[in-house]
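Engineer: The structure is given below, and queries will be raised subsequently.
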Amino acid sequence: AQSVSQHNHHVILSEAASLELGCNYSYGGTVNLFWYVQYPGQHLQLLLKYFSGDPLVKGIKGFEAEFIKSKFSFNLRKPSVQWSDTAEYFCAVNAPGSARQLTFGSGTQLTVLP
Amino acid sequence: ETGVTQTPRHLVMGMTNKKSLKCEQHLGHNAMYWYKQSAKKPLELMFVYSLEERVENNSVPSRFSPECPNSSHLFLHLHTLQPEDSALYLCASSSLPGSSGNTIYFGEGSWLTVV
């Protein structure tokens, strides 16, 4: 069975600081990887995804993530955060062979101070 | 606007009540899902329907009963719930599970409080 770990439960940054949120997964085969964001009071939105190809994936709103297969990691990054990035961020993984099972991490709450 | 619409957005029910959550997707997808989101816990997959057939049930108590009358609609019937069932219930949809590039799209959720 696959699992996802997000080690940072709550991250607090000032505006313009750089962001990196950790995500590690456990699964022995090929995986699809996702980052979802949930702004306060809103639905889960897809931020970016990796299926294959270039391991550095660029998403919406200046976010990017790098898939490092040897480390089973898919960390989310943004060079300069804004107050509007305050939200909860979820890493998720599924295996193409059983793509119905999207497994989520427990989430990281990001608070950006103005 | 997500393409996945859930009603009601908020529901308060007693432990002896019977209520239903409704989900409708306008994305032309063939798979629909129910997830449960509780505080401080990862999202939990409850049920998966693929082409209107239930293909996954993750050990969910029988007081939760899903129904998928067609590929655009999904219901979650609730009966004799417990206070610990209070949570945000998320509906989602995707193209057929197993297809490459499968991305899941979520609705805004239904906040359920059991009193």
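Simple scheme: letters A, B, ... for chains in structure tokens order, numbers from 1 for residues in each chain, numbers from 1 for ligands in the order shown.
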Would you mind listing what lies within 8 Å of region 86-94 of chain A as a JSON list (two decimals) with all heavy atoms, in the first residue's frame, with only C-alpha atoms counted and same-chain residues fewer than 4 positions away left out?
Structural biologist:
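Writing the result to selection24.json gives the following:
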[["chain", "number", "residue", "atom", "x", "y", "z"],
["A", 2, "GLN", "N", 0.37, 2.28, -0.66],
["A", 2, "GLN", "CA", 1.16, 3.51, -0.72],
["A", 2, "GLN", "C", 0.81, 4.40, 0.46],
["A", 2, "GLN", "O", -0.29, 4.33, 1.02],
["A", 2, "GLN", "CB", 0.87, 4.23, -2.03],
["A", 2, "GLN", "CG", -0.58, 4.55, -2.26],
["A", 2, "GLN", "CD", -1.01, 4.32, -3.70],
["A", 2, "GLN", "OE1", -0.50, 3.46, -4.38],
["A", 2, "GLN", "NE2", -1.98, 5.07, -4.16],
["A", 3, "SER", "N", 1.76, 5.25, 0.86],
["A", 3, "SER", "CA", 1.51, 6.22, 1.92],
["A", 3, "SER", "C", 2.26, 7.49, 1.60],
["A", 3, "SER", "O", 3.21, 7.49, 0.81],
["A", 3, "SER", "CB", 1.94, 5.67, 3.28],
["A", 3, "SER", "OG", 3.34, 5.50, 3.32],
["A", 4, "VAL", "N", 1.80, 8.59, 2.19],
["A", 4, "VAL", "CA", 2.38, 9.90, 1.94],
["A", 4, "VAL", "C", 2.65, 10.58, 3.27],
["A", 4, "VAL", "O", 1.77, 10.60, 4.14],
["A", 4, "VAL", "CB", 1.44, 10.78, 1.10],
["A", 4, "VAL", "CG1", 2.07, 12.14, 0.84],
["A", 4, "VAL", "CG2", 1.11, 10.09, -0.21],
["A", 6, "GLN", "N", 3.84, 14.18, 5.11],
["A", 6, "GLN", "CA", 4.15, 15.59, 5.08],
["A", 6, "GLN", "C", 4.61, 15.95, 6.49],
["A", 6, "GLN", "O", 3.81, 15.96, 7.42],
["A", 6, "GLN", "CB", 2.92, 16.41, 4.67],
["A", 6, "GLN", "CG", 2.51, 16.21, 3.24],
["A", 6, "GLN", "CD", 1.31, 17.07, 2.86],
["A", 6, "GLN", "OE1", 0.24, 16.56, 2.59],
["A", 6, "GLN", "NE2", 1.51, 18.38, 2.84],
["A", 23, "CYS", "N", 7.43, 16.49, 1.03],
["A", 23, "CYS", "CA", 6.50, 15.40, 0.77],
["A", 23, "CYS", "C", 7.31, 14.17, 0.42],
["A", 23, "CYS", "O", 8.11, 14.19, -0.51],
["A", 23, "CYS", "CB", 5.56, 15.74, -0.39],
["A", 23, "CYS", "SG", 4.51, 14.35, -0.90],
["A", 25, "TYR", "N", 6.87, 9.85, -0.15],
["A", 25, "TYR", "CA", 5.88, 8.80, -0.35],
["A", 25, "TYR", "C", 6.58, 7.46, -0.27],
["A", 25, "TYR", "O", 7.81, 7.34, -0.43],
["A", 25, "TYR", "CB", 5.17, 8.97, -1.69],
["A", 25, "TYR", "CG", 6.07, 8.75, -2.88],
["A", 25, "TYR", "CD1", 6.18, 7.50, -3.48],
["A", 25, "TYR", "CD2", 6.84, 9.80, -3.38],
["A", 25, "TYR", "CE1", 7.03, 7.29, -4.54],
["A", 25, "TYR", "CE2", 7.69, 9.60, -4.45],
["A", 25, "TYR", "CZ", 7.79, 8.35, -5.02],
["A", 25, "TYR", "OH", 8.64, 8.14, -6.08],
["A", 31, "VAL", "N", 4.68, 6.12, -10.01],
["A", 31, "VAL", "CA", 3.60, 6.85, -9.35],
["A", 31, "VAL", "C", 3.26, 8.13, -10.11],
["A", 31, "VAL", "O", 4.08, 8.65, -10.86],
["A", 31, "VAL", "CB", 3.96, 7.24, -7.90],
["A", 31, "VAL", "CG1", 4.04, 6.01, -7.01],
["A", 31, "VAL", "CG2", 5.25, 8.03, -7.85],
["A", 32, "ASN", "N", 2.06, 8.59, -9.89],
["A", 32, "ASN", "CA", 1.66, 9.95, -10.27],
["A", 32, "ASN", "C", 1.65, 10.77, -8.97],
["A", 32, "ASN", "O", 1.21, 10.28, -7.93],
["A", 32, "ASN", "CB", 0.26, 9.97, -10.88],
["A", 32, "ASN", "CG", 0.19, 9.17, -12.17],
["A", 32, "ASN", "OD1", 1.14, 9.10, -12.92],
["A", 32, "ASN", "ND2", -0.96, 8.55, -12.41],
["A", 33, "LEU", "N", 2.11, 12.00, -9.05],
["A", 33, "LEU", "CA", 2.24, 12.82, -7.84],
["A", 33, "LEU", "C", 1.51, 14.13, -8.03],
["A", 33, "LEU", "O", 1.51, 14.70, -9.13],
["A", 33, "LEU", "CB", 3.73, 13.08, -7.55],
["A", 33, "LEU", "CG", 4.53, 11.82, -7.22],
["A", 33, "LEU", "CD1", 5.99, 12.01, -7.55],
["A", 33, "LEU", "CD2", 4.36, 11.47, -5.76],
["A", 34, "PHE", "N", 0.88, 14.61, -6.96],
["A", 34, "PHE", "CA", 0.05, 15.79, -7.03],
["A", 34, "PHE", "C", 0.30, 16.68, -5.81],
["A", 34, "PHE", "O", 0.61, 16.18, -4.72],
["A", 34, "PHE", "CB", -1.44, 15.42, -7.01],
["A", 34, "PHE", "CG", -1.87, 14.42, -8.06],
["A", 34, "PHE", "CD1", -1.64, 13.07, -7.89],
["A", 34, "PHE", "CD2", -2.51, 14.85, -9.20],
["A", 34, "PHE", "CE1", -2.03, 12.14, -8.86],
["A", 34, "PHE", "CE2", -2.92, 13.94, -10.17],
["A", 34, "PHE", "CZ", -2.68, 12.59, -9.99],
["A", 35, "TRP", "N", 0.12, 17.97, -6.00],
["A", 35, "TRP", "CA", -0.06, 18.89, -4.88],
["A", 35, "TRP", "C", -1.40, 19.58, -5.08],
["A", 35, "TRP", "O", -1.68, 20.13, -6.15],
["A", 35, "TRP", "CB", 1.05, 19.94, -4.83],
["A", 35, "TRP", "CG", 2.28, 19.49, -4.12],
["A", 35, "TRP", "CD1", 3.43, 19.00, -4.66],
["A", 35, "TRP", "CD2", 2.50, 19.50, -2.69],
["A", 35, "TRP", "NE1", 4.35, 18.69, -3.68],
["A", 35, "TRP", "CE2", 3.80, 18.99, -2.46],
["A", 35, "TRP", "CE3", 1.73, 19.89, -1.60],
["A", 35, "TRP", "CZ2", 4.34, 18.86, -1.20],
["A", 35, "TRP", "CZ3", 2.26, 19.76, -0.33],
["A", 35, "TRP", "CH2", 3.55, 19.25, -0.13],
["A", 36, "TYR", "N", -2.20, 19.54, -4.02],
["A", 36, "TYR", "CA", -3.47, 20.25, -3.99],
["A", 36, "TYR", "C", -3.36, 21.36, -2.95],
["A", 36, "TYR", "O", -2.64, 21.24, -1.96],
["A", 36, "TYR", "CB", -4.62, 19.32, -3.60],
["A", 36, "TYR", "CG", -5.10, 18.41, -4.69],
["A", 36, "TYR", "CD1", -4.48, 17.17, -4.92],
["A", 36, "TYR", "CD2", -6.17, 18.76, -5.50],
["A", 36, "TYR", "CE1", -4.94, 16.33, -5.93],
["A", 36, "TYR", "CE2", -6.64, 17.92, -6.50],
["A", 36, "TYR", "CZ", -6.02, 16.71, -6.71],
["A", 36, "TYR", "OH", -6.47, 15.87, -7.70],
["A", 37, "VAL", "N", -4.13, 22.43, -3.17],
["A", 37, "VAL", "CA", -4.18, 23.53, -2.21],
["A", 37, "VAL", "C", -5.62, 23.79, -1.82],
["A", 37, "VAL", "O", -6.54, 23.67, -2.65],
["A", 37, "VAL", "CB", -3.52, 24.81, -2.79],
["A", 37, "VAL", "CG1", -4.23, 25.28, -4.05],
["A", 37, "VAL", "CG2", -3.52, 25.93, -1.75],
["A", 38, "GLN", "N", -5.85, 24.09, -0.56],
["A", 38, "GLN", "CA", -7.18, 24.41, -0.08],
["A", 38, "GLN", "C", -7.11, 25.76, 0.63],
["A", 38, "GLN", "O", -6.61, 25.85, 1.77],
["A", 38, "GLN", "CB", -7.70, 23.32, 0.85],
["A", 38, "GLN", "CG", -9.15, 23.46, 1.22],
["A", 38, "GLN", "CD", -9.66, 22.24, 1.99],
["A", 38, "GLN", "OE1", -8.92, 21.57, 2.68],
["A", 38, "GLN", "NE2", -10.94, 21.95, 1.85],
["A", 39, "TYR", "N", -7.60, 26.82, -0.04],
["A", 39, "TYR", "CA", -7.65, 28.13, 0.59],
["A", 39, "TYR", "C", -8.79, 28.15, 1.60],
["A", 39, "TYR", "O", -9.75, 27.37, 1.48],
["A", 39, "TYR", "CB", -7.84, 29.22, -0.48],
["A", 39, "TYR", "CG", -6.68, 29.29, -1.44],
["A", 39, "TYR", "CD1", -6.77, 28.74, -2.71],
["A", 39, "TYR", "CD2", -5.48, 29.89, -1.07],
["A", 39, "TYR", "CE1", -5.70, 28.78, -3.59],
["A", 39, "TYR", "CE2", -4.40, 29.93, -1.94],
["A", 39, "TYR", "CZ", -4.52, 29.37, -3.20],
["A", 39, "TYR", "OH", -3.46, 29.39, -4.06],
["A", 40, "PRO", "N", -8.71, 29.02, 2.60],
["A", 40, "PRO", "CA", -9.74, 29.05, 3.65],
["A", 40, "PRO", "C", -11.14, 29.12, 3.07],
["A", 40, "PRO", "O", -11.46, 30.01, 2.27],
["A", 40, "PRO", "CB", -9.38, 30.31, 4.44],
["A", 40, "PRO", "CG", -7.91, 30.49, 4.24],
["A", 40, "PRO", "CD", -7.64, 30.02, 2.83],
["A", 82, "GLN", "N", 3.41, 35.02, -0.93],
["A", 82, "GLN", "CA", 2.57, 36.19, -0.70],
["A", 82, "GLN", "C", 1.54, 35.86, 0.37],
["A", 82, "GLN", "O", 1.26, 34.68, 0.62],
["A", 82, "GLN", "CB", 1.85, 36.57, -2.00],
["A", 82, "GLN", "CG", 2.79, 36.89, -3.15],
["A", 82, "GLN", "CD", 2.05, 37.08, -4.46],
["A", 82, "GLN", "OE1", 1.23, 36.25, -4.83],
["A", 82, "GLN", "NE2", 2.32, 38.18, -5.14],
["A", 98, "SER", "N", -3.46, 1.42, -10.30],
["A", 98, "SER", "CA", -4.63, 1.45, -9.42],
["A", 98, "SER", "C", -4.98, 2.90, -9.18],
["A", 98, "SER", "O", -5.05, 3.36, -8.05],
["A", 98, "SER", "CB", -4.35, 0.72, -8.12],
["A", 98, "SER", "OG", -3.28, 1.33, -7.43],
["A", 99, "ALA", "N", -5.20, 3.60, -10.28],
["A", 99, "ALA", "CA", -5.32, 5.05, -10.21],
["A", 99, "ALA", "C", -6.56, 5.51, -9.47],
["A", 99, "ALA", "O", -6.70, 6.69, -9.21],
["A", 99, "ALA", "CB", -5.30, 5.64, -11.61],
["A", 100, "ARG", "N", -7.46, 4.59, -9.12],
["A", 100, "ARG", "CA", -8.63, 5.02, -8.38],
["A", 100, "ARG", "C", -8.25, 5.42, -6.96],
["A", 100, "ARG", "O", -8.97, 6.10, -6.28],
["A", 100, "ARG", "CB", -9.66, 3.90, -8.34],
["A", 100, "ARG", "CG", -9.18, 2.61, -7.68],
["A", 100, "ARG", "CD", -10.31, 1.63, -7.58],
["A", 100, "ARG", "NE", -10.68, 1.10, -8.89],
["A", 100, "ARG", "CZ", -10.43, -0.12, -9.30],
["A", 100, "ARG", "NH1", -9.80, -0.96, -8.51],
["A", 100, "ARG", "NH2", -10.80, -0.54, -10.49],
["A", 101, "GLN", "N", -7.11, 4.95, -6.46],
["A", 101, "GLN", "CA", -6.73, 5.17, -5.08],
["A", 101, "GLN", "C", -5.76, 6.34, -5.01],
["A", 101, "GLN", "O", -4.56, 6.19, -5.24],
["A", 101, "GLN", "CB", -6.07, 3.89, -4.52],
["A", 101, "GLN", "CG", -5.57, 4.04, -3.09],
["A", 101, "GLN", "CD", -6.69, 4.01, -2.08],
["A", 101, "GLN", "OE1", -7.51, 4.92, -2.00],
["A", 101, "GLN", "NE2", -6.73, 2.96, -1.28],
["A", 102, "LEU", "N", -6.30, 7.53, -4.70],
["A", 102, "LEU", "CA", -5.45, 8.70, -4.50],
["A", 102, "LEU", "C", -5.21, 8.82, -3.00],
["A", 102, "LEU", "O", -6.14, 9.01, -2.24],
["A", 102, "LEU", "CB", -6.15, 9.95, -5.04],
["A", 102, "LEU", "CG", -5.33, 11.24, -5.09],
["A", 102, "LEU", "CD1", -4.18, 11.08, -6.07],
["A", 102, "LEU", "CD2", -6.20, 12.41, -5.50],
["A", 103, "THR", "N", -3.95, 8.67, -2.59],
["A", 103, "THR", "CA", -3.60, 8.72, -1.18],
["A", 103, "THR", "C", -3.03, 10.09, -0.85],
["A", 103, "THR", "O", -2.11, 10.56, -1.50],
["A", 103, "THR", "CB", -2.56, 7.63, -0.86],
["A", 103, "THR", "OG1", -3.10, 6.35, -1.22],
["A", 103, "THR", "CG2", -2.22, 7.63, 0.63],
["A", 104, "PHE", "N", -3.58, 10.70, 0.20],
["A", 104, "PHE", "CA", -3.18, 12.04, 0.59],
["A", 104, "PHE", "C", -2.28, 12.02, 1.81],
["A", 104, "PHE", "O", -2.39, 11.16, 2.68],
["A", 104, "PHE", "CB", -4.41, 12.87, 0.93],
["A", 104, "PHE", "CG", -5.18, 13.37, -0.27],
["A", 104, "PHE", "CD1", -6.12, 12.57, -0.88],
["A", 104, "PHE", "CD2", -4.95, 14.64, -0.77],
["A", 104, "PHE", "CE1", -6.83, 13.02, -1.98],
["A", 104, "PHE", "CE2", -5.65, 15.10, -1.87],
["A", 104, "PHE", "CZ", -6.59, 14.30, -2.48],
["A", 105, "GLY", "N", -1.42, 13.02, 1.90],
["A", 105, "GLY", "CA", -0.73, 13.31, 3.14],
["A", 105, "GLY", "C", -1.66, 14.05, 4.08],
["A", 105, "GLY", "O", -2.79, 14.40, 3.71],
["A", 106, "SER", "N", -1.21, 14.29, 5.29],
["A", 106, "SER", "CA", -2.07, 14.91, 6.31],
["A", 106, "SER", "C", -2.17, 16.42, 6.15],
["A", 106, "SER", "O", -2.93, 17.06, 6.86],
["A", 106, "SER", "CB", -1.54, 14.57, 7.70],
["A", 106, "SER", "OG", -0.20, 14.95, 7.83],
["A", 107, "GLY", "N", -1.41, 16.99, 5.22],
["A", 107, "GLY", "CA", -1.54, 18.41, 4.95],
["A", 107, "GLY", "C", -0.55, 19.26, 5.72],
["A", 107, "GLY", "O", -0.10, 18.90, 6.81],
["A", 108, "THR", "N", -0.21, 20.41, 5.14],
["A", 108, "THR", "CA", 0.63, 21.41, 5.80],
["A", 108, "THR", "C", -0.10, 22.74, 5.74],
["A", 108, "THR", "O", -0.45, 23.20, 4.65],
["A", 108, "THR", "CB", 1.99, 21.56, 5.11],
["A", 108, "THR", "OG1", 2.70, 20.33, 5.19],
["A", 108, "THR", "CG2", 2.81, 22.67, 5.77],
["A", 109, "GLN", "N", -0.34, 23.32, 6.89],
["A", 109, "GLN", "CA", -0.97, 24.63, 6.94],
["A", 109, "GLN", "C", 0.12, 25.68, 6.79],
["A", 109, "GLN", "O", 1.06, 25.72, 7.59],
["A", 109, "GLN", "CB", -1.70, 24.82, 8.27],
["A", 109, "GLN", "CG", -2.28, 26.21, 8.47],
["A", 109, "GLN", "CD", -3.36, 26.54, 7.46],
["A", 109, "GLN", "OE1", -4.27, 25.76, 7.22],
["A", 109, "GLN", "NE2", -3.26, 27.73, 6.86],
["A", 110, "LEU", "N", 0.01, 26.51, 5.76],
["A", 110, "LEU", "CA", 0.96, 27.60, 5.54],
["A", 110, "LEU", "C", 0.29, 28.91, 5.93],
["A", 110, "LEU", "O", -0.80, 29.23, 5.43],
["A", 110, "LEU", "CB", 1.39, 27.66, 4.07],
["A", 110, "LEU", "CG", 2.21, 28.90, 3.68],
["A", 110, "LEU", "CD1", 3.57, 28.89, 4.38],
["A", 110, "LEU", "CD2", 2.40, 28.97, 2.16],
["A", 111, "THR", "N", 0.93, 29.65, 6.81],
["A", 111, "THR", "CA", 0.47, 30.98, 7.17],
["A", 111, "THR", "C", 1.54, 31.97, 6.74],
["A", 111, "THR", "O", 2.70, 31.85, 7.15],
["A", 111, "THR", "CB", 0.23, 31.10, 8.68],
["A", 111, "THR", "OG1", -0.75, 30.14, 9.07],
["A", 111, "THR", "CG2", -0.26, 32.50, 9.04],
["A", 112, "VAL", "N", 1.15, 32.93, 5.90],
["A", 112, "VAL", "CA", 2.08, 33.96, 5.46],
["A", 112, "VAL", "C", 1.70, 35.26, 6.13],
["A", 112, "VAL", "O", 0.56, 35.74, 6.00],
["A", 112, "VAL", "CB", 2.06, 34.12, 3.92],
["A", 112, "VAL", "CG1", 3.03, 35.22, 3.49],
["A", 112, "VAL", "CG2", 2.39, 32.80, 3.25]]
Engineer: Please return, as a ChimeraX atom specification, all residues of chain B lying within 12 Å of chain A when only C-alpha atoms are considered.
Structural biologist: /B:1-6,9,30-50,54-58,88-111
Engineer: Show which residues sit within 8 Å of region 18-21 of chain B, as number ranges by chain. Count only C-alpha atoms, and ignore same-chain residues fewer than 2 positions away.
Structural biologist: B: 6-8, 13, 16, 23, 75-80, 110
Engineer: So which residues touch Asp54 (chain A) within 12 Å, counting only C-alpha atoms, skipping near sequence neighbours fewer than 6 positions away, as a tab-separated table (two decimals) with C-alpha atoms, in the first residue's frame?
Structural biologist:
chain	number	residue	atom	x	y	z
A	64	GLU	CA	6.93	24.30	-8.63
A	65	ALA	CA	7.80	20.84	-7.38
A	66	GLU	CA	10.67	18.51	-8.01
A	67	PHE	CA	10.31	14.76	-8.19
A	68	ILE	CA	13.42	13.02	-6.86
A	69	LYS	CA	12.87	9.34	-7.43
Engineer: Please list as a ChimeraX atom specification every residue within 8 Å of Asn8 (chain A), counting only C-alpha atoms and excluding residues in the same chain fewer than 3 positions away.
Structural biologist: /A:11,21-22,108
Engineer: When DSSP is applied to the backbone of this structure, which of chain A are assigned strand (DSSP E or B)? Write them out as a PyMOL selection string.
Structural biologist: chain A and resi 3-5+10-14+19-21+24-26+32-38+44-50+56-58+64-68+73-78+87-94+103-104+108-113
Engineer: For a quick check of understanding, using only C-alpha atoms, which of B:Val12, B:Leu112, B:Val60, B:Cys68 has the smallest distance to Ser86 (chain B)?
Structural biologist: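 That would be B:Leu112, the residue with the smallest distance to Ser86 (chain B).
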Engineer: So how many Å separate CA of Asn24 (chain A) and CA of Arg77 (chain A), to one decimal?
Structural biologist: 14.2 Å
Engineer: Which distance in Å separates CA of Leu27 (chain B) and CA of Leu74 (chain B), to one decimal?
Structural biologist: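 It comes out at 13.6 Å.
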Engineer: How many Å separate CA of Phe63 (chain A) from CA of Pro79 (chain A)?
Structural biologist: 8.1 Å
Engineer: Could you name the residues that touch Leu19 (chain A) at 9 Å or less, counting only C-alpha atoms, but leaving out those on the same chain fewer than 3 positions away, as a PyMOL selection string?
Structural biologist: chain A and resi 13+76-81
Engineer: Quick one: pick out all helix (DSSP H, G or I) residues within chain A from a backbone DSSP run and write them as a short mmCIF file (atom, residue, chain, number, x, y, z; two decimals) with N, CA, C and O atoms, in the first residue's frame.
Structural biologist:
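Result file is states37.cif:
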data_model
loop_
_atom_site.label_atom_id
_atom_site.label_comp_id
_atom_site.auth_asym_id
_atom_site.auth_seq_id
_atom_site.Cartn_x
_atom_site.Cartn_y
_atom_site.Cartn_z
N ILE A 60 0.53 26.38 -11.03
CA ILE A 60 -0.07 27.71 -11.04
C ILE A 60 0.51 28.57 -9.93
O ILE A 60 1.11 28.05 -8.97
N LYS A 61 0.36 29.87 -10.06
CA LYS A 61 0.70 30.85 -9.03
C LYS A 61 2.17 30.81 -8.61
O LYS A 61 2.50 31.12 -7.47
N GLY A 62 3.04 30.42 -9.52
CA GLY A 62 4.48 30.45 -9.26
C GLY A 62 5.03 29.28 -8.48
O GLY A 62 6.20 29.27 -8.09
N LYS A 69 13.26 10.74 -7.56
CA LYS A 69 12.87 9.34 -7.43
C LYS A 69 13.70 8.61 -6.37
O LYS A 69 13.17 7.81 -5.60
N SER A 70 14.99 8.90 -6.33
CA SER A 70 15.87 8.19 -5.39
C SER A 70 15.54 8.51 -3.94
O SER A 70 15.84 7.73 -3.05
N LYS A 71 14.92 9.65 -3.72
CA LYS A 71 14.55 10.05 -2.35
C LYS A 71 13.05 9.87 -2.09
O LYS A 71 12.59 10.21 -1.00
N TRP A 83 0.96 36.88 0.95
CA TRP A 83 -0.06 36.69 1.97
C TRP A 83 -1.19 35.80 1.44
O TRP A 83 -1.74 34.98 2.16
N SER A 84 -1.50 35.95 0.16
CA SER A 84 -2.60 35.19 -0.45
C SER A 84 -2.27 33.70 -0.60
O SER A 84 -3.14 32.92 -0.99
N ASP A 85 -1.04 33.32 -0.33
CA ASP A 85 -0.69 31.89 -0.37
C ASP A 85 -1.07 31.17 0.92
O ASP A 85 -0.90 29.94 1.00
N PRO A 96 -0.43 4.41 -11.30
CA PRO A 96 -1.21 4.31 -12.53
C PRO A 96 -1.99 3.01 -12.64
O PRO A 96 -3.08 2.99 -13.17
N GLY A 97 -1.47 1.96 -12.11
CA GLY A 97 -2.18 0.68 -12.21
C GLY A 97 -3.41 0.62 -11.35
O GLY A 97 -4.33 -0.16 -11.60
N SER A 98 -3.46 1.42 -10.30
CA SER A 98 -4.63 1.45 -9.42
C SER A 98 -4.98 2.90 -9.18
O SER A 98 -5.05 3.36 -8.05
#
